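Data first, discussion second: the structure below is written as structure tokens.
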Amino acid sequence: MPSPAEQPDITSLLLKAISKESIFRLVNILRDIIRHSPEGRKIASKWLLAAKDDVKAEPVPTSSTGPVTSGQLSKEESVSEPTPSIPMTSCFERCLYFLEKFDVTKNSATSCRYHVDPDMVDEEFFKDEIIAGIDVDNEEYREAWPEKFFYTCCGRDLVEEVCQVGWHKVAKRPSKRVIPEEVRWG
Ligand SMILES: [Zn+2]
Ligand SMILES: [Zn+2]
């Protein structure tokens, strides 16, 4: 039996072990750490949470409350050292438009570029293929003829500028790919 001095240190053993694990087991291990270790909760908060005060979203037109002046407290500190007194929220959300992930603290009026409606194939241009029963409504054709697919919102094709620039909006529908709680493993 090797003496403790001959053992590689635990950190490098763990780092090696992590690279061999499945994402499902790693998620469960992370949940375990968060439940049982205050230090683990602190580190996870830094990566995954943001102070609610730091969330930036499209301003909702309100009645006559007037503009809210910022600079209430030192936000740098509140993010790095989360405490129960500071309301926290998820740092990353999925955007309604393309379901891309975005940082809620870095959202702005020009963060999201998108079309409102989906693109449609130019049926006139591809009429021979369509008559022949070839499915042209796929990624292959979009790549080969990007100027022959039009967005119904603005009539622009795939190589032109998007028609909408605005704030990312949080998608309300939860992701279907959520890993279930308490997946048993032994
Ligand atoms: Zn458009
Ligand atoms: Zn977006």
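Lettering and numbering for the structure tokens are positional, with chains as A, B, ... in the shown order, residues counted from 1 in each chain, and ligands counted from 1 in the shown order.
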Counting only C-alpha atoms and all ligand atoms, which residues of chain A fall within 10 Å of ligand 2, and what is the closest atom pair for each with its distance in Å at one decimal, ordered by chain and rising number, as a tab-separated table?
```
residue	atom	partner	partner_atom_place_in_ligand_line	distance
A:Glu93	CA	ligand 2	1 (Zn)	9.8
A:Arg94	CA	ligand 2	1 (Zn)	7.7
A:Cys95	CA	ligand 2	1 (Zn)	4.5
A:Leu96	CA	ligand 2	1 (Zn)	6.4
A:Tyr97	CA	ligand 2	1 (Zn)	5.4
A:Phe98	CA	ligand 2	1 (Zn)	6.1
A:Leu99	CA	ligand 2	1 (Zn)	7.1
A:Glu100	CA	ligand 2	1 (Zn)	6.3
A:Lys101	CA	ligand 2	1 (Zn)	7.8
A:Phe102	CA	ligand 2	1 (Zn)	7.2
A:Asn107	CA	ligand 2	1 (Zn)	9.0
A:Thr110	CA	ligand 2	1 (Zn)	9.6
A:Ser111	CA	ligand 2	1 (Zn)	6.8
A:Cys112	CA	ligand 2	1 (Zn)	4.2
A:Arg113	CA	ligand 2	1 (Zn)	6.6
A:Tyr114	CA	ligand 2	1 (Zn)	7.2
A:Val165	CA	ligand 2	1 (Zn)	9.1
A:Gly166	CA	ligand 2	1 (Zn)	7.9
A:Trp167	CA	ligand 2	1 (Zn)	6.7
A:His168	CA	ligand 2	1 (Zn)	3.9
A:Lys169	CA	ligand 2	1 (Zn)	6.3
A:Val170	CA	ligand 2	1 (Zn)	8.2
A:Ala171	CA	ligand 2	1 (Zn)	9.4
```
Could you save those same residues with C-alpha atoms as a PDB file, in the first residue's frame?
```pdb
ATOM      1  CA  GLU A  93     -31.440  32.724 -19.523  1.00  0.00           C
ATOM      2  CA  ARG A  94     -32.590  31.551 -22.929  1.00  0.00           C
ATOM      3  CA  CYS A  95     -33.752  34.158 -25.389  1.00  0.00           C
ATOM      4  CA  LEU A  96     -37.245  33.932 -26.804  1.00  0.00           C
ATOM      5  CA  TYR A  97     -36.087  34.551 -30.372  1.00  0.00           C
ATOM      6  CA  PHE A  98     -33.478  31.913 -31.050  1.00  0.00           C
ATOM      7  CA  LEU A  99     -33.346  30.228 -27.660  1.00  0.00           C
ATOM      8  CA  GLU A 100     -29.723  31.245 -27.411  1.00  0.00           C
ATOM      9  CA  LYS A 101     -28.296  31.610 -23.930  1.00  0.00           C
ATOM     10  CA  PHE A 102     -27.504  35.128 -22.791  1.00  0.00           C
ATOM     11  CA  ASN A 107     -28.409  42.610 -22.028  1.00  0.00           C
ATOM     12  CA  THR A 110     -28.747  46.081 -29.341  1.00  0.00           C
ATOM     13  CA  SER A 111     -27.919  42.653 -27.911  1.00  0.00           C
ATOM     14  CA  CYS A 112     -30.342  40.583 -29.944  1.00  0.00           C
ATOM     15  CA  ARG A 113     -30.488  40.494 -33.745  1.00  0.00           C
ATOM     16  CA  TYR A 114     -33.291  38.468 -35.202  1.00  0.00           C
ATOM     17  CA  VAL A 165     -32.379  44.633 -33.265  1.00  0.00           C
ATOM     18  CA  GLY A 166     -33.392  44.744 -29.651  1.00  0.00           C
ATOM     19  CA  TRP A 167     -33.229  43.337 -26.180  1.00  0.00           C
ATOM     20  CA  HIS A 168     -32.976  39.626 -25.548  1.00  0.00           C
ATOM     21  CA  LYS A 169     -36.262  38.525 -24.046  1.00  0.00           C
ATOM     22  CA  VAL A 170     -36.386  35.699 -21.554  1.00  0.00           C
ATOM     23  CA  ALA A 171     -38.177  32.663 -22.951  1.00  0.00           C
TER      24      ALA A 171
END
```
Could I get the residues of chain A with an atom no further than 12 Å from an atom of ligand 1, each paired with its nearest atom pair and that distance in Å to one decimal, using only C-alpha atoms and all ligand atoms, sorted by chain and residue number, as JSON lines?
```
{"residue": "A:Tyr97", "atom": "CA", "partner": "ligand 1", "partner_atom_place_in_ligand_line": "1 (Zn)", "distance": 11.9}
{"residue": "A:Arg113", "atom": "CA", "partner": "ligand 1", "partner_atom_place_in_ligand_line": "1 (Zn)", "distance": 9.8}
{"residue": "A:Tyr114", "atom": "CA", "partner": "ligand 1", "partner_atom_place_in_ligand_line": "1 (Zn)", "distance": 7.1}
{"residue": "A:His115", "atom": "CA", "partner": "ligand 1", "partner_atom_place_in_ligand_line": "1 (Zn)", "distance": 3.9}
{"residue": "A:Val116", "atom": "CA", "partner": "ligand 1", "partner_atom_place_in_ligand_line": "1 (Zn)", "distance": 5.7}
{"residue": "A:Asp117", "atom": "CA", "partner": "ligand 1", "partner_atom_place_in_ligand_line": "1 (Zn)", "distance": 6.4}
{"residue": "A:Pro118", "atom": "CA", "partner": "ligand 1", "partner_atom_place_in_ligand_line": "1 (Zn)", "distance": 8.1}
{"residue": "A:Asp119", "atom": "CA", "partner": "ligand 1", "partner_atom_place_in_ligand_line": "1 (Zn)", "distance": 8.4}
{"residue": "A:Met120", "atom": "CA", "partner": "ligand 1", "partner_atom_place_in_ligand_line": "1 (Zn)", "distance": 11.3}
{"residue": "A:Phe149", "atom": "CA", "partner": "ligand 1", "partner_atom_place_in_ligand_line": "1 (Zn)", "distance": 11.6}
{"residue": "A:Phe150", "atom": "CA", "partner": "ligand 1", "partner_atom_place_in_ligand_line": "1 (Zn)", "distance": 8.5}
{"residue": "A:Tyr151", "atom": "CA", "partner": "ligand 1", "partner_atom_place_in_ligand_line": "1 (Zn)", "distance": 5.3}
{"residue": "A:Thr152", "atom": "CA", "partner": "ligand 1", "partner_atom_place_in_ligand_line": "1 (Zn)", "distance": 6.6}
{"residue": "A:Cys153", "atom": "CA", "partner": "ligand 1", "partner_atom_place_in_ligand_line": "1 (Zn)", "distance": 4.3}
{"residue": "A:Cys154", "atom": "CA", "partner": "ligand 1", "partner_atom_place_in_ligand_line": "1 (Zn)", "distance": 4.2}
{"residue": "A:Gly155", "atom": "CA", "partner": "ligand 1", "partner_atom_place_in_ligand_line": "1 (Zn)", "distance": 6.7}
{"residue": "A:Arg156", "atom": "CA", "partner": "ligand 1", "partner_atom_place_in_ligand_line": "1 (Zn)", "distance": 6.3}
{"residue": "A:Asp157", "atom": "CA", "partner": "ligand 1", "partner_atom_place_in_ligand_line": "1 (Zn)", "distance": 8.6}
{"residue": "A:Leu158", "atom": "CA", "partner": "ligand 1", "partner_atom_place_in_ligand_line": "1 (Zn)", "distance": 9.6}
{"residue": "A:Val159", "atom": "CA", "partner": "ligand 1", "partner_atom_place_in_ligand_line": "1 (Zn)", "distance": 11.6}
{"residue": "A:Glu160", "atom": "CA", "partner": "ligand 1", "partner_atom_place_in_ligand_line": "1 (Zn)", "distance": 9.5}
{"residue": "A:Glu161", "atom": "CA", "partner": "ligand 1", "partner_atom_place_in_ligand_line": "1 (Zn)", "distance": 8.5}
{"residue": "A:Val162", "atom": "CA", "partner": "ligand 1", "partner_atom_place_in_ligand_line": "1 (Zn)", "distance": 5.7}
{"residue": "A:Cys163", "atom": "CA", "partner": "ligand 1", "partner_atom_place_in_ligand_line": "1 (Zn)", "distance": 4.3}
{"residue": "A:Gln164", "atom": "CA", "partner": "ligand 1", "partner_atom_place_in_ligand_line": "1 (Zn)", "distance": 6.5}
{"residue": "A:Val165", "atom": "CA", "partner": "ligand 1", "partner_atom_place_in_ligand_line": "1 (Zn)", "distance": 10.1}
```
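Straight-line separation from atom CA of Lys52 of chain A to atom CA of Thr89 of chain A: 5.8 Å.
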Task: Residue among A:Asp54, A:Glu21, A:Glu147, A:Ala109 lying closest to Phe125 of chain A, counting only C-alpha atoms - done: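 Looking only at the distances to Phe125 of chain A, the closest residue turns out to be A:Glu147.
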Task: For Lys148 of chain A: contacts at 7 Å, only C-alpha atoms, fewer than 3 positions along chain excluded, given as a PyMOL selection string - done: chain A and resi 121-122+145+157
Selected residues written out with C-alpha atoms, as a CSV table (one decimal), in the first residue's frame:
```
chain,number,residue,atom,x,y,z
A,121,VAL,CA,-38.3,29.1,-49.8
A,122,ASP,CA,-38.6,30.9,-53.2
A,145,TRP,CA,-28.8,29.4,-52.2
A,157,ASP,CA,-33.1,36.9,-47.7
```
Open item on the list: What does the structure give for the distance between atom CA of Pro38 of chain A and atom CA of Asp53 of chain A, in Å to one decimal?
Closed with: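 Taking atom CA of Pro38 of chain A and atom CA of Asp53 of chain A, their separation equals 23.1 Å.
Our summary of the geometry notes that atom CA of Asp103 of chain A is positioned 21.0 Å from atom CA of Leu30 of chain A.
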